[in-house]
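Participant: Would you mind keeping the following structure in view while I ask a few things?
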Amino acid sequence: MAKLTDSKGKTVVLSVETENEQFENTVSTHPVENGSPITDHSQMESKTFEFSGKIIGKSQAEVDDKYMQLLNWSQGSTLLQFRGAIRHNGMLISHLEKTYDDGGFQNAVKFNISLTAVYTVNVYWAKAKNSGKKQAKAPSSGVYVTVRPGSTYWGWWMKYGTPIQTLRNWNHWPDRRIPIGARARVK
């Protein structure tokens with residue numbers, strides 16, 4: 001038996017028959033004249049774990065509920081913890097499959113699942129300290145936007161026509177550290 005658990009403690013117990021761990025490297029190759037291809041680097045890909053077995057329950061409804069939980073985790077990109085022969089935290093479901101065959105199973109269904117190990121980064125933004133001085137209000141004639149992932153001074157220059165240096169002067173953030181969710185003046 002193996003368990004998949006999310007961060008809220010919700011667990012799905014699986015009857016796992018096989019567990020496979022896979023490592024891959026992407027190796028670049030470049031052709032050269034009159035010779036074998038050469039490489040200048042390789043890149044390690046995320047670990048992938050593949051499991052197959054049966055989802056078993058006291059009733060077919062319980063089996064369906066367990067499969068739906070796996071499907072919801074898959075579609076919601078939920079970080080999971082796997083506990084079986086392989087033990088690993090921080091995994092996402094990258095492939096989920098159930099097989100409908102008449103294998104004589106009652107209240108069970110065959111499944112295949114792939115989990116990919118991911119490593120998350122926590123980003124902490126320092127809050128501005130109150131110096132005791134009254135902060136000047138922003139002029140009401142300006143145009144402001146909420147910073148979204150992918151926002152850049154260059155993108156705002158292209159959209160609003162405001163020079164990049166002016167955007168930097170107004171907003172005071174380094175080019176690669178524009179805080180998501182902050183209010184930015186763009187015009």
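Letters A, B, ... mark the chains of the structure tokens in the order given; residue numbers begin at 1 per chain; ligand numbers begin at 1, in order shown.
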What's the 8 Å shell around Gln81 (chain A), counting only C-alpha atoms, without same-chain residues fewer than 3 positions away, as a PyMOL selection string?
Facilitator: chain A and resi 3-6+87-91
Participant: Got a sec: who's within 12 Å of Pro174 (chain A), counting only C-alpha atoms, leaving out chain neighbours fewer than 4 positions off, as a list in words?
Facilitator: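 These residues fall inside the cut-off: Thr152, Tyr153, Ile164, Gln165, Leu167, Arg168, Asn169, Trp170, Ile178 and Pro179 of chain A.
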Participant: With distances taken over only C-alpha atoms, which of A:Ile56, A:Val16, A:Leu80, A:Ala184 is nearest to Val118 (chain A)?
Facilitator: A:Leu80
Participant: I need the residues in region 49-185 of chain A that are strand (DSSP E) according to DSSP; give them as a ChimeraX atom specification.
Facilitator: /A:49-56,80-83,87-99,108-117,144-146,183-185
Participant: Going by DSSP on the backbone, which bits of chain A are helix (DSSP H, G or I)? Write them as a ChimeraX atom specification, please.
Facilitator: /A:60-75,153-160,164-171
Participant: Save out the residues we just selected, C-alpha atoms, as a PDB file, in the first residue's frame.
Facilitator:
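Saved file part.pdb follows:
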ATOM      1  CA  GLN A  60     -17.442   1.507  -6.543  1.00  0.00           C
ATOM      2  CA  ALA A  61     -18.497   4.974  -5.337  1.00  0.00           C
ATOM      3  CA  GLU A  62     -15.493   5.064  -2.979  1.00  0.00           C
ATOM      4  CA  VAL A  63     -13.191   4.046  -5.849  1.00  0.00           C
ATOM      5  CA  ASP A  64     -14.663   6.812  -8.018  1.00  0.00           C
ATOM      6  CA  ASP A  65     -14.205   9.357  -5.196  1.00  0.00           C
ATOM      7  CA  LYS A  66     -10.527   8.402  -4.815  1.00  0.00           C
ATOM      8  CA  TYR A  67      -9.954   8.714  -8.561  1.00  0.00           C
ATOM      9  CA  MET A  68     -11.731  12.095  -8.621  1.00  0.00           C
ATOM     10  CA  GLN A  69      -9.454  13.298  -5.805  1.00  0.00           C
ATOM     11  CA  LEU A  70      -6.415  12.309  -7.879  1.00  0.00           C
ATOM     12  CA  LEU A  71      -7.907  14.073 -10.901  1.00  0.00           C
ATOM     13  CA  ASN A  72      -8.588  17.243  -8.868  1.00  0.00           C
ATOM     14  CA  TRP A  73      -5.017  17.236  -7.544  1.00  0.00           C
ATOM     15  CA  SER A  74      -3.751  16.805 -11.102  1.00  0.00           C
ATOM     16  CA  GLN A  75      -5.821  19.647 -12.519  1.00  0.00           C
ATOM     17  CA  TYR A 153       9.344  48.454 -17.634  1.00  0.00           C
ATOM     18  CA  TRP A 154       9.900  47.631 -21.303  1.00  0.00           C
ATOM     19  CA  GLY A 155       6.360  46.233 -21.637  1.00  0.00           C
ATOM     20  CA  TRP A 156       4.877  49.341 -20.055  1.00  0.00           C
ATOM     21  CA  TRP A 157       6.994  51.541 -22.359  1.00  0.00           C
ATOM     22  CA  MET A 158       5.615  49.673 -25.379  1.00  0.00           C
ATOM     23  CA  LYS A 159       2.008  49.886 -24.127  1.00  0.00           C
ATOM     24  CA  TYR A 160       1.891  53.388 -22.622  1.00  0.00           C
ATOM     25  CA  ILE A 164      11.807  53.373 -19.311  1.00  0.00           C
ATOM     26  CA  GLN A 165      13.955  55.707 -17.185  1.00  0.00           C
ATOM     27  CA  THR A 166      10.837  57.700 -16.224  1.00  0.00           C
ATOM     28  CA  LEU A 167       9.099  54.458 -15.202  1.00  0.00           C
ATOM     29  CA  ARG A 168      12.142  53.529 -13.076  1.00  0.00           C
ATOM     30  CA  ASN A 169      12.171  56.994 -11.436  1.00  0.00           C
ATOM     31  CA  TRP A 170       8.465  56.823 -10.580  1.00  0.00           C
ATOM     32  CA  ASN A 171       8.424  53.271  -9.259  1.00  0.00           C
TER      33      ASN A 171
END
Participant: Could you list, as an mmCIF file with N, CA and C atoms, in the first residue's frame, every residue within 12 Å of Ile86 (chain A), counting only C-alpha atoms and ignoring same-chain residues fewer than 6 positions away?
Facilitator:
data_model
loop_
_atom_site.group_PDB
_atom_site.id
_atom_site.type_symbol
_atom_site.label_atom_id
_atom_site.label_comp_id
_atom_site.auth_asym_id
_atom_site.auth_seq_id
_atom_site.Cartn_x
_atom_site.Cartn_y
_atom_site.Cartn_z
ATOM 1 N N MET A 1 0.838 -1.184 0.000
ATOM 2 C CA MET A 1 0.000 0.000 0.000
ATOM 3 C C MET A 1 0.885 1.250 0.000
ATOM 4 N N ALA A 2 0.407 2.276 -0.671
ATOM 5 C CA ALA A 2 1.107 3.546 -0.728
ATOM 6 C C ALA A 2 0.094 4.660 -0.490
ATOM 7 N N LYS A 3 0.600 5.827 -0.080
ATOM 8 C CA LYS A 3 -0.273 6.965 0.210
ATOM 9 C C LYS A 3 0.201 8.193 -0.547
ATOM 10 N N LEU A 4 -0.763 8.932 -1.089
ATOM 11 C CA LEU A 4 -0.530 10.264 -1.638
ATOM 12 C C LEU A 4 -1.257 11.228 -0.719
ATOM 13 N N VAL A 16 -0.328 -0.220 -4.809
ATOM 14 C CA VAL A 16 0.680 -0.043 -5.850
ATOM 15 C C VAL A 16 1.381 -1.365 -6.115
ATOM 16 N N THR A 18 3.747 -1.582 -8.980
ATOM 17 C CA THR A 18 5.090 -1.248 -9.459
ATOM 18 C C THR A 18 5.393 0.216 -9.161
ATOM 19 N N GLU A 19 6.653 0.481 -8.825
ATOM 20 C CA GLU A 19 7.138 1.840 -8.600
ATOM 21 C C GLU A 19 8.438 1.997 -9.382
ATOM 22 N N ASN A 20 8.496 2.999 -10.242
ATOM 23 C CA ASN A 20 9.691 3.251 -11.054
ATOM 24 C C ASN A 20 10.146 4.679 -10.840
ATOM 25 N N GLU A 21 11.459 4.857 -10.745
ATOM 26 C CA GLU A 21 12.061 6.176 -10.618
ATOM 27 C C GLU A 21 12.902 6.404 -11.866
ATOM 28 N N GLN A 22 12.765 7.584 -12.467
ATOM 29 C CA GLN A 22 13.434 7.837 -13.741
ATOM 30 C C GLN A 22 14.142 9.179 -13.699
ATOM 31 N N THR A 48 11.186 11.823 -12.368
ATOM 32 C CA THR A 48 9.833 11.358 -12.625
ATOM 33 C C THR A 48 9.658 9.995 -11.971
ATOM 34 N N PHE A 49 8.540 9.814 -11.323
ATOM 35 C CA PHE A 49 8.217 8.560 -10.667
ATOM 36 C C PHE A 49 6.943 8.016 -11.296
ATOM 37 N N GLU A 50 6.949 6.744 -11.649
ATOM 38 C CA GLU A 50 5.774 6.117 -12.269
ATOM 39 C C GLU A 50 5.307 4.981 -11.384
ATOM 40 N N PHE A 51 3.989 4.922 -11.197
ATOM 41 C CA PHE A 51 3.383 3.915 -10.346
ATOM 42 C C PHE A 51 2.203 3.297 -11.077
ATOM 43 N N LEU A 115 4.405 10.999 -11.309
ATOM 44 C CA LEU A 115 4.604 12.155 -10.443
ATOM 45 C C LEU A 115 5.955 12.774 -10.783
#
Participant: Contacts of Tyr144 (chain A) at 7 Å or less, counting only C-alpha atoms, minus same-chain residues fewer than 4 places along, as a list of chain:residue names?
Facilitator: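 The contact residues come out as A:Arg183, A:Ala184, A:Arg185, A:Val186.
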